[in-house]
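**Q** Sharing data22.csv below, CSV, C-alpha atoms:
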```
chain,number,residue,atom,x,y,z
U,1210,MET,CA,26.1,106.4,58.4
U,1211,ALA,CA,28.1,105.5,55.4
U,1212,THR,CA,29.4,108.3,53.2
U,1213,LEU,CA,29.1,108.4,49.6
U,1214,GLU,CA,32.7,107.5,49.2
U,1215,ASP,CA,32.2,104.4,51.4
U,1216,LYS,CA,29.4,103.4,49.3
U,1217,LEU,CA,31.3,103.9,46.1
U,1218,SER,CA,34.3,102.1,47.6
U,1219,GLY,CA,32.1,99.3,48.8
U,1220,GLU,CA,30.2,98.7,45.5
U,1221,LYS,CA,33.4,98.8,43.6
U,1222,LEU,CA,35.0,96.4,46.0
U,1223,GLN,CA,32.0,94.0,45.8
U,1224,TYR,CA,32.0,94.2,42.1
U,1225,TYR,CA,35.7,94.0,41.5
U,1226,CYS,CA,36.8,91.6,44.2
U,1227,SER,CA,35.3,88.1,44.8
U,1228,SER,CA,35.7,85.8,47.7
U,1229,SER,CA,37.7,82.6,47.5
U,1230,GLU,CA,34.4,80.7,47.5
U,1231,ASP,CA,33.1,82.6,44.5
U,1232,GLU,CA,36.4,82.1,42.8
U,1233,GLU,CA,36.2,78.3,43.4
U,1234,GLU,CA,32.7,78.1,42.0
U,1235,SER,CA,33.8,80.1,39.0
U,1236,ASN,CA,36.7,77.8,38.4
U,1237,ASN,CA,34.5,74.8,38.7
U,1238,ALA,CA,32.1,76.2,36.2
U,1239,VAL,CA,34.8,76.8,33.8
U,1240,ALA,CA,36.2,73.3,34.2
U,1241,GLU,CA,32.8,71.7,33.8
U,1242,SER,CA,32.3,73.8,30.6
U,1243,ASN,CA,35.6,72.6,29.3
U,1244,GLN,CA,34.9,69.0,30.2
U,1245,ASN,CA,31.5,69.2,28.3
U,1246,THR,CA,33.2,70.6,25.4
U,1247,VAL,CA,35.8,67.8,25.4
U,1248,LYS,CA,33.0,65.2,25.7
U,1249,LYS,CA,31.1,66.7,22.8
U,1250,SER,CA,34.2,66.8,20.8
U,1251,HIS,CA,34.9,63.1,21.6
U,1252,ARG,CA,31.4,62.1,20.6
U,1253,THR,CA,31.5,63.7,17.3
U,1254,THR,CA,35.0,62.5,16.5
U,1255,SER,CA,35.0,59.0,18.0
U,1256,ASN,CA,34.8,57.2,14.6
U,1257,THR,CA,37.6,59.1,13.0
U,1258,GLY,CA,41.2,58.0,12.7
U,1259,PRO,CA,42.5,54.4,12.3
U,1260,LYS,CA,41.0,53.1,15.5
U,1261,GLY,CA,37.6,54.6,14.6
U,1262,VAL,CA,37.7,52.9,11.2
U,1263,VAL,CA,38.5,49.6,12.8
U,1264,GLN,CA,35.6,50.0,15.3
U,1265,ASP,CA,33.2,50.9,12.5
U,1266,TRP,CA,34.3,47.9,10.5
U,1267,GLN,CA,33.8,45.6,13.5
U,1268,LEU,CA,30.4,47.1,14.2
U,1269,TYR,CA,29.5,46.6,10.5
U,1270,LYS,CA,30.5,43.0,10.5
U,1271,GLN,CA,28.6,42.4,13.7
U,1272,LEU,CA,25.5,43.8,12.3
U,1273,GLU,CA,26.0,41.9,9.0
U,1274,GLU,CA,26.4,38.6,11.0
U,1275,GLN,CA,23.2,39.4,13.0
U,1276,ASN,CA,21.3,40.1,9.8
U,1277,ARG,CA,22.7,36.9,8.2
U,1278,ASP,CA,21.6,34.8,11.3
U,1279,GLU,CA,18.2,36.4,11.2
U,1280,ASN,CA,17.9,35.7,7.4
U,1281,GLU,CA,18.9,32.1,8.0
U,1282,LYS,CA,16.3,31.7,10.7
U,1283,GLN,CA,13.7,33.1,8.4
U,1284,LYS,CA,14.7,30.8,5.6
U,1285,ILE,CA,14.7,27.8,7.9
U,1286,ALA,CA,11.2,28.7,9.2
U,1287,LEU,CA,10.0,29.3,5.7
U,1288,ALA,CA,11.5,26.0,4.5
U,1289,ARG,CA,9.9,24.1,7.4
U,1290,LYS,CA,6.6,25.7,6.5
U,1291,PHE,CA,6.8,24.7,2.9
U,1292,CYS,CA,7.9,21.2,3.9
U,1293,LEU,CA,5.0,20.8,6.3
U,1294,ASN,CA,2.6,22.0,3.6
U,1295,ALA,CA,4.2,19.8,1.0
U,1296,SER,CA,4.1,16.8,3.3
U,1297,SER,CA,0.5,17.5,4.2
U,1298,THR,CA,-0.4,17.8,0.6
U,1299,ARG,CA,1.4,14.6,-0.3
U,1300,GLU,CA,-0.3,12.7,2.6
U,1301,ASP,CA,-3.7,14.0,1.4
U,1302,GLU,CA,-3.0,12.8,-2.1
U,1303,GLU,CA,-1.8,9.4,-0.9
U,1304,ARG,CA,-4.8,9.0,1.3
U,1305,LYS,CA,-7.1,10.0,-1.5
U,1306,LEU,CA,-5.4,7.5,-3.8
U,1307,ASN,CA,-5.7,4.8,-1.2
U,1308,GLU,CA,-9.4,5.5,-0.7
U,1309,GLU,CA,-10.0,5.3,-4.4
U,1310,PHE,CA,-8.0,2.1,-4.6
U,1311,ASP,CA,-9.9,0.6,-1.7
U,1312,ALA,CA,-13.2,1.5,-3.4
U,1313,GLU,CA,-12.2,0.0,-6.7
U,1314,PHE,CA,-10.8,-3.1,-5.0
U,1315,SER,CA,-14.0,-3.6,-3.1
U,1316,GLU,CA,-16.0,-3.3,-6.3
U,1317,LEU,CA,-13.6,-5.8,-8.0
U,1318,MET,CA,-13.9,-8.2,-5.1
U,1319,SER,CA,-17.7,-8.1,-5.1
U,1320,GLU,CA,-19.4,-11.4,-5.8
U,1321,GLU,CA,-21.3,-10.0,-8.7
U,1322,PHE,CA,-18.1,-8.8,-10.4
U,1323,LEU,CA,-16.3,-12.0,-9.8
U,1324,MET,CA,-19.1,-14.0,-11.3
U,1325,ARG,CA,-19.2,-11.7,-14.3
U,1326,PHE,CA,-15.4,-11.9,-14.7
U,1327,GLN,CA,-15.4,-15.6,-14.4
U,1328,LYS,CA,-18.1,-16.0,-17.0
U,1329,GLN,CA,-16.2,-13.7,-19.3
U,1330,ARG,CA,-13.0,-15.6,-18.9
U,1331,ILE,CA,-14.7,-18.9,-19.4
U,1332,ALA,CA,-16.4,-17.6,-22.5
U,1333,GLU,CA,-13.1,-16.4,-23.9
U,1334,MET,CA,-11.5,-19.8,-23.1
U,1335,MET,CA,-14.3,-21.6,-24.7
U,1336,LYS,CA,-14.0,-19.4,-27.8
U,1337,ILE,CA,-10.2,-20.0,-28.0
U,1338,SER,CA,-10.6,-23.7,-27.4
U,1339,GLY,CA,-13.4,-24.1,-29.9
U,1340,HIS,CA,-11.4,-26.9,-31.6
U,1341,VAL,CA,-11.3,-29.0,-28.5
U,1342,THR,CA,-12.6,-32.5,-28.8
U,1343,LYS,CA,-16.2,-32.9,-27.6
U,1344,PHE,CA,-17.1,-36.2,-25.9
U,1345,GLY,CA,-20.6,-35.9,-24.5
U,1346,LYS,CA,-20.9,-39.5,-23.2
U,1347,VAL,CA,-19.2,-42.0,-20.9
U,1348,LEU,CA,-16.7,-44.3,-22.7
U,1349,THR,CA,-16.5,-47.9,-21.6
U,1350,LEU,CA,-12.9,-49.3,-21.2
U,1351,ASN,CA,-12.7,-53.0,-21.8
U,1352,SER,CA,-9.1,-53.7,-20.9
U,1353,SER,CA,-6.2,-52.4,-18.9
U,1354,ASP,CA,-4.5,-51.3,-22.1
U,1355,GLU,CA,-7.5,-49.2,-23.0
U,1356,PHE,CA,-7.3,-47.7,-19.5
U,1357,LEU,CA,-3.7,-46.7,-20.1
U,1358,ASP,CA,-4.4,-45.4,-23.6
U,1359,ALA,CA,-7.3,-43.3,-22.4
U,1360,VAL,CA,-4.9,-41.5,-20.1
U,1361,ASP,CA,-1.5,-41.5,-21.9
U,1362,LYS,CA,-2.7,-40.8,-25.5
U,1363,GLU,CA,-5.1,-38.0,-24.6
U,1364,ASP,CA,-4.2,-34.3,-25.2
U,1365,HIS,CA,-2.6,-32.7,-22.1
U,1366,THR,CA,-5.3,-30.1,-21.9
U,1367,ILE,CA,-8.1,-32.7,-21.5
U,1368,THR,CA,-9.3,-33.8,-18.1
U,1369,VAL,CA,-9.9,-37.5,-18.0
U,1370,VAL,CA,-12.3,-39.0,-15.3
U,1371,ILE,CA,-12.4,-42.7,-14.9
U,1372,HIS,CA,-15.0,-44.5,-12.8
U,1373,ILE,CA,-13.9,-47.9,-11.4
U,1374,PHE,CA,-17.0,-49.8,-10.5
U,1375,ASP,CA,-18.5,-53.2,-9.7
U,1376,THR,CA,-22.2,-53.7,-10.6
U,1377,LYS,CA,-22.9,-55.6,-7.5
U,1378,TYR,CA,-22.7,-52.4,-5.5
U,1379,SER,CA,-25.7,-50.1,-5.8
U,1380,ALA,CA,-23.6,-47.0,-5.3
U,1381,CYS,CA,-21.5,-47.9,-8.4
U,1382,LYS,CA,-24.7,-48.3,-10.4
U,1383,LYS,CA,-25.9,-44.9,-9.4
U,1384,VAL,CA,-22.6,-43.3,-10.3
U,1385,ASN,CA,-22.7,-44.8,-13.8
U,1386,GLU,CA,-26.3,-43.6,-14.2
U,1387,PHE,CA,-25.6,-40.1,-13.1
U,1388,LEU,CA,-22.4,-39.7,-15.1
U,1389,GLU,CA,-24.2,-40.0,-18.4
U,1390,PRO,CA,-26.1,-36.7,-18.2
U,1391,ILE,CA,-23.1,-35.0,-16.5
U,1392,ALA,CA,-20.9,-36.1,-19.4
U,1393,ALA,CA,-23.4,-34.7,-21.9
U,1394,ASP,CA,-23.4,-31.3,-20.1
U,1395,TYR,CA,-19.7,-31.2,-19.7
U,1396,ASN,CA,-18.7,-32.5,-23.1
U,1397,THR,CA,-15.1,-31.2,-23.0
U,1398,ILE,CA,-14.3,-33.6,-20.2
U,1399,LYS,CA,-13.5,-37.2,-21.1
U,1400,PHE,CA,-15.6,-39.5,-18.8
U,1401,CYS,CA,-14.8,-43.2,-18.8
U,1402,LYS,CA,-15.8,-46.3,-16.8
U,1403,ILE,CA,-14.0,-49.6,-16.2
U,1404,ASN,CA,-15.0,-52.7,-14.3
U,1405,SER,CA,-12.7,-53.3,-11.3
U,1406,GLY,CA,-12.1,-56.9,-12.4
U,1407,VAL,CA,-11.0,-55.7,-15.9
U,1408,ALA,CA,-8.8,-53.1,-14.3
U,1409,GLY,CA,-7.1,-55.8,-12.1
U,1410,MET,CA,-8.2,-54.4,-8.8
U,1411,SER,CA,-8.0,-56.6,-5.7
U,1412,ARG,CA,-10.9,-58.0,-3.8
U,1413,ASN,CA,-10.0,-55.8,-0.8
U,1414,PHE,CA,-10.1,-52.7,-3.0
U,1415,ASN,CA,-13.5,-53.7,-4.4
U,1416,ALA,CA,-14.9,-54.1,-0.8
U,1417,ASN,CA,-13.4,-50.9,0.6
U,1418,GLY,CA,-12.6,-48.6,-2.3
U,1419,LEU,CA,-15.6,-48.6,-4.6
U,1420,PRO,CA,-17.1,-46.6,-6.1
U,1421,ALA,CA,-13.9,-44.8,-7.1
U,1422,LEU,CA,-13.2,-41.8,-9.4
U,1423,LEU,CA,-9.7,-41.2,-10.7
U,1424,VAL,CA,-8.9,-37.9,-12.3
U,1425,TYR,CA,-6.0,-37.4,-14.8
U,1426,LYS,CA,-4.6,-34.4,-16.7
U,1427,GLY,CA,-1.4,-34.4,-18.8
U,1428,LYS,CA,-0.8,-38.1,-17.8
U,1429,GLU,CA,-0.7,-37.1,-14.2
U,1430,LEU,CA,-3.1,-38.2,-11.5
U,1431,ILE,CA,-4.6,-35.0,-10.0
U,1432,GLY,CA,-7.6,-36.5,-8.1
U,1433,ASN,CA,-8.0,-39.8,-6.3
U,1434,HIS,CA,-11.5,-40.2,-4.8
U,1435,VAL,CA,-12.2,-43.6,-3.4
U,1436,ARG,CA,-15.2,-44.8,-1.6
U,1437,LEU,CA,-17.4,-41.9,-2.7
U,1438,THR,CA,-20.2,-42.9,-0.3
U,1439,ASP,CA,-18.0,-41.5,2.5
U,1440,GLU,CA,-18.5,-38.1,0.9
U,1441,LEU,CA,-21.9,-38.4,-0.7
U,1442,SER,CA,-23.6,-40.9,1.6
U,1443,ASP,CA,-25.4,-44.0,0.3
U,1444,ASP,CA,-28.4,-42.0,-0.7
U,1445,PHE,CA,-27.1,-39.4,-3.1
U,1446,PHE,CA,-28.5,-37.8,-6.3
U,1447,GLN,CA,-27.1,-36.5,-9.6
U,1448,SER,CA,-26.9,-33.0,-8.2
U,1449,ASP,CA,-24.8,-34.2,-5.3
U,1450,LEU,CA,-22.3,-36.0,-7.6
U,1451,GLU,CA,-22.1,-32.9,-9.9
U,1452,SER,CA,-21.5,-30.6,-6.9
U,1453,PHE,CA,-18.8,-32.9,-5.6
U,1454,LEU,CA,-17.0,-32.8,-9.0
U,1455,ILE,CA,-17.2,-29.0,-9.1
U,1456,GLU,CA,-16.0,-28.5,-5.5
U,1457,ASN,CA,-13.0,-30.7,-6.2
U,1458,ASN,CA,-12.1,-28.7,-9.3
U,1459,VAL,CA,-12.8,-31.6,-11.7
U,1460,MET,CA,-15.0,-29.3,-13.8
U,1461,ILE,CA,-16.4,-25.7,-13.7
U,1462,ASP,CA,-20.0,-25.0,-12.9
U,1463,LYS,CA,-21.8,-24.8,-16.3
U,1464,SER,CA,-24.1,-22.1,-15.0
U,1465,LEU,CA,-21.1,-19.7,-15.1
U,1466,TYR,CA,-20.9,-19.7,-18.9
U,1467,GLN,CA,-24.4,-20.2,-20.0
```
Starting from the file, lay out its structure as structure tokens.
**A**
Amino acid sequence: MATLEDKLSGEKLQYYCSSSEDEEESNNAVAESNQNTVKKSHRTTSNTGPKGVVQDWQLYKQLEEQNRDENEKQKIALARKFCLNASSTREDEERKLNEEFDAEFSELMSEEFLMRFQKQRIAEMMKISGHVTKFGKVLTLNSSDEFLDAVDKEDHTITVVIHIFDTKYSACKKVNEFLEPIAADYNTIKFCKINSGVAGMSRNFNANGLPALLVYKGKELIGNHVRLTDELSDDFFQSDLESFLIENNVMIDKSLYQ
């Protein structure tokens, strides 16, 4: 049984003296505490001094570069968006203009508009050319000189139509007959007729080329229509001859300006 002294000695010894293991643990605890203190100190003071300033500057420039890149990306994206919108708007406007142009062009090209325009232009031309010589009948040419004068001495704006005929051919007679009312209706055109013998035509031409219509303007031959029966047939009417002259641009349909 332990005495009071032993107890006191033992408690004092336990309290005052520690084992080597306890001492090591204590030393480790102190070292760890010191290390933590050093780490804390390092963290709070890492950006101080010349090296810290350089590191801060480098970090600042890196962040600045990142922000600049990000801003550039945003600007490019925004510019692309605006370009797409602008392009889309421009294409819409162009498409709308094209549609309006197509509609107006279709209206202009309508048969009704063309007829109206043609009548208006003819009326204007007739008004401007009110001083133009009016003929109204078929003139008979009695010599080759009259033939030449009918062409060469006429105003360059006048269309001259000369029928070369021979009365022994029925088709020639019909052309002479039908030209009279046509000349009256289209009195700004100079219609003439001349016998093939007076004009000095050959027998071969008479047999194969009559009836013939020669069209002149400004002293130039602009139409040479021989053997009209090939176009009109042997059994033709005044309307057929008139349509033939209109289709071959010898005269303009009178119905357009009436």
**Q** Pick out the closest residue to Ile1398 (chain U) from this set: U:Asn1413, U:Thr1368, U:Lys1346, U:Glu1279. Count all atoms listed in the file.
**A**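 Among the listed residues, the smallest separation from Ile1398 (chain U) belongs to U:Thr1368.
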**Q** May I ask for the distance between CA of Ala1393 (chain U) and CA of Phe1344 (chain U), given in Å to one decimal place?
**A**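 Separation of CA of Ala1393 (chain U) and CA of Phe1344 (chain U): 7.6 Å.
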**Q** Write out as a VMD selection string each polymer residue whose atoms come within 12 Å of Asp1354 (chain U), counting only C-alpha atoms; drop sequence neighbours fewer than 5 positions from it.
**A** chain U and resid 1359 to 1362 1403 1407 to 1409
**Q** Report, in Å with one decimal, the straight-line distance from CA of Gln1447 (chain U) to CA of Phe1387 (chain U).
**A**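 Computing the Euclidean distance for CA of Gln1447 (chain U) and CA of Phe1387 (chain U) yields 5.2 Å.
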**Q** Would you work out the distance separating CA of Ser1411 (chain U) from CA of Ile1431 (chain U), expressed in Å to one decimal?
**A**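 Answer for the CA of Ser1411 (chain U) to CA of Ile1431 (chain U) separation: 22.3 Å.
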**Q** Would you kindly return, as a PyMOL selection string, each protein, DNA or RNA residue with an atom no farther than 12 Å from any atom of Glu1456 (chain U), considering all atoms listed in the file and excluding same-chain residues fewer than 6 positions away?
**A** chain U and resi 1432+1440+1449-1450+1462
**Q** Considering all atoms listed in the file, can you say which of U:Leu1348, U:Val1370, U:Val1459, U:Leu1419 comes closest to Asp1439 (chain U)?
**A**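 Ranked by minimum distance to Asp1439 (chain U), first place goes to U:Leu1419.
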**Q** With distances taken over all atoms listed in the file, which of U:Tyr1269, U:Lys1343, U:Ile1391, U:Asp1364 is nearest to Ser1452 (chain U)?
**A**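 Result for the nearest residue to Ser1452 (chain U): U:Ile1391.
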**Q** Which is closest to Ser1405 (chain U) among U:Ile1373, U:Ala1421, U:Met1460, U:Leu1306, if we use all atoms listed in the file?
**A**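 Using all atoms listed in the file, Ser1405 (chain U) sits closest to U:Ile1373.
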**Q** Ranking U:Asp1375, U:Glu1308, U:Asp1358, U:Glu1303 by minimum distance to Arg1412 (chain U) and counting all atoms listed in the file, which one comes first?
**A**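 Closest candidate: U:Asp1375.
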**Q** Could you check which of U:His1365, U:Lys1402, U:Arg1304, U:Lys1426 is closest to Ser1352 (chain U), using only C-alpha atoms?
**A**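 Among the listed residues, the smallest separation from Ser1352 (chain U) belongs to U:Lys1402.
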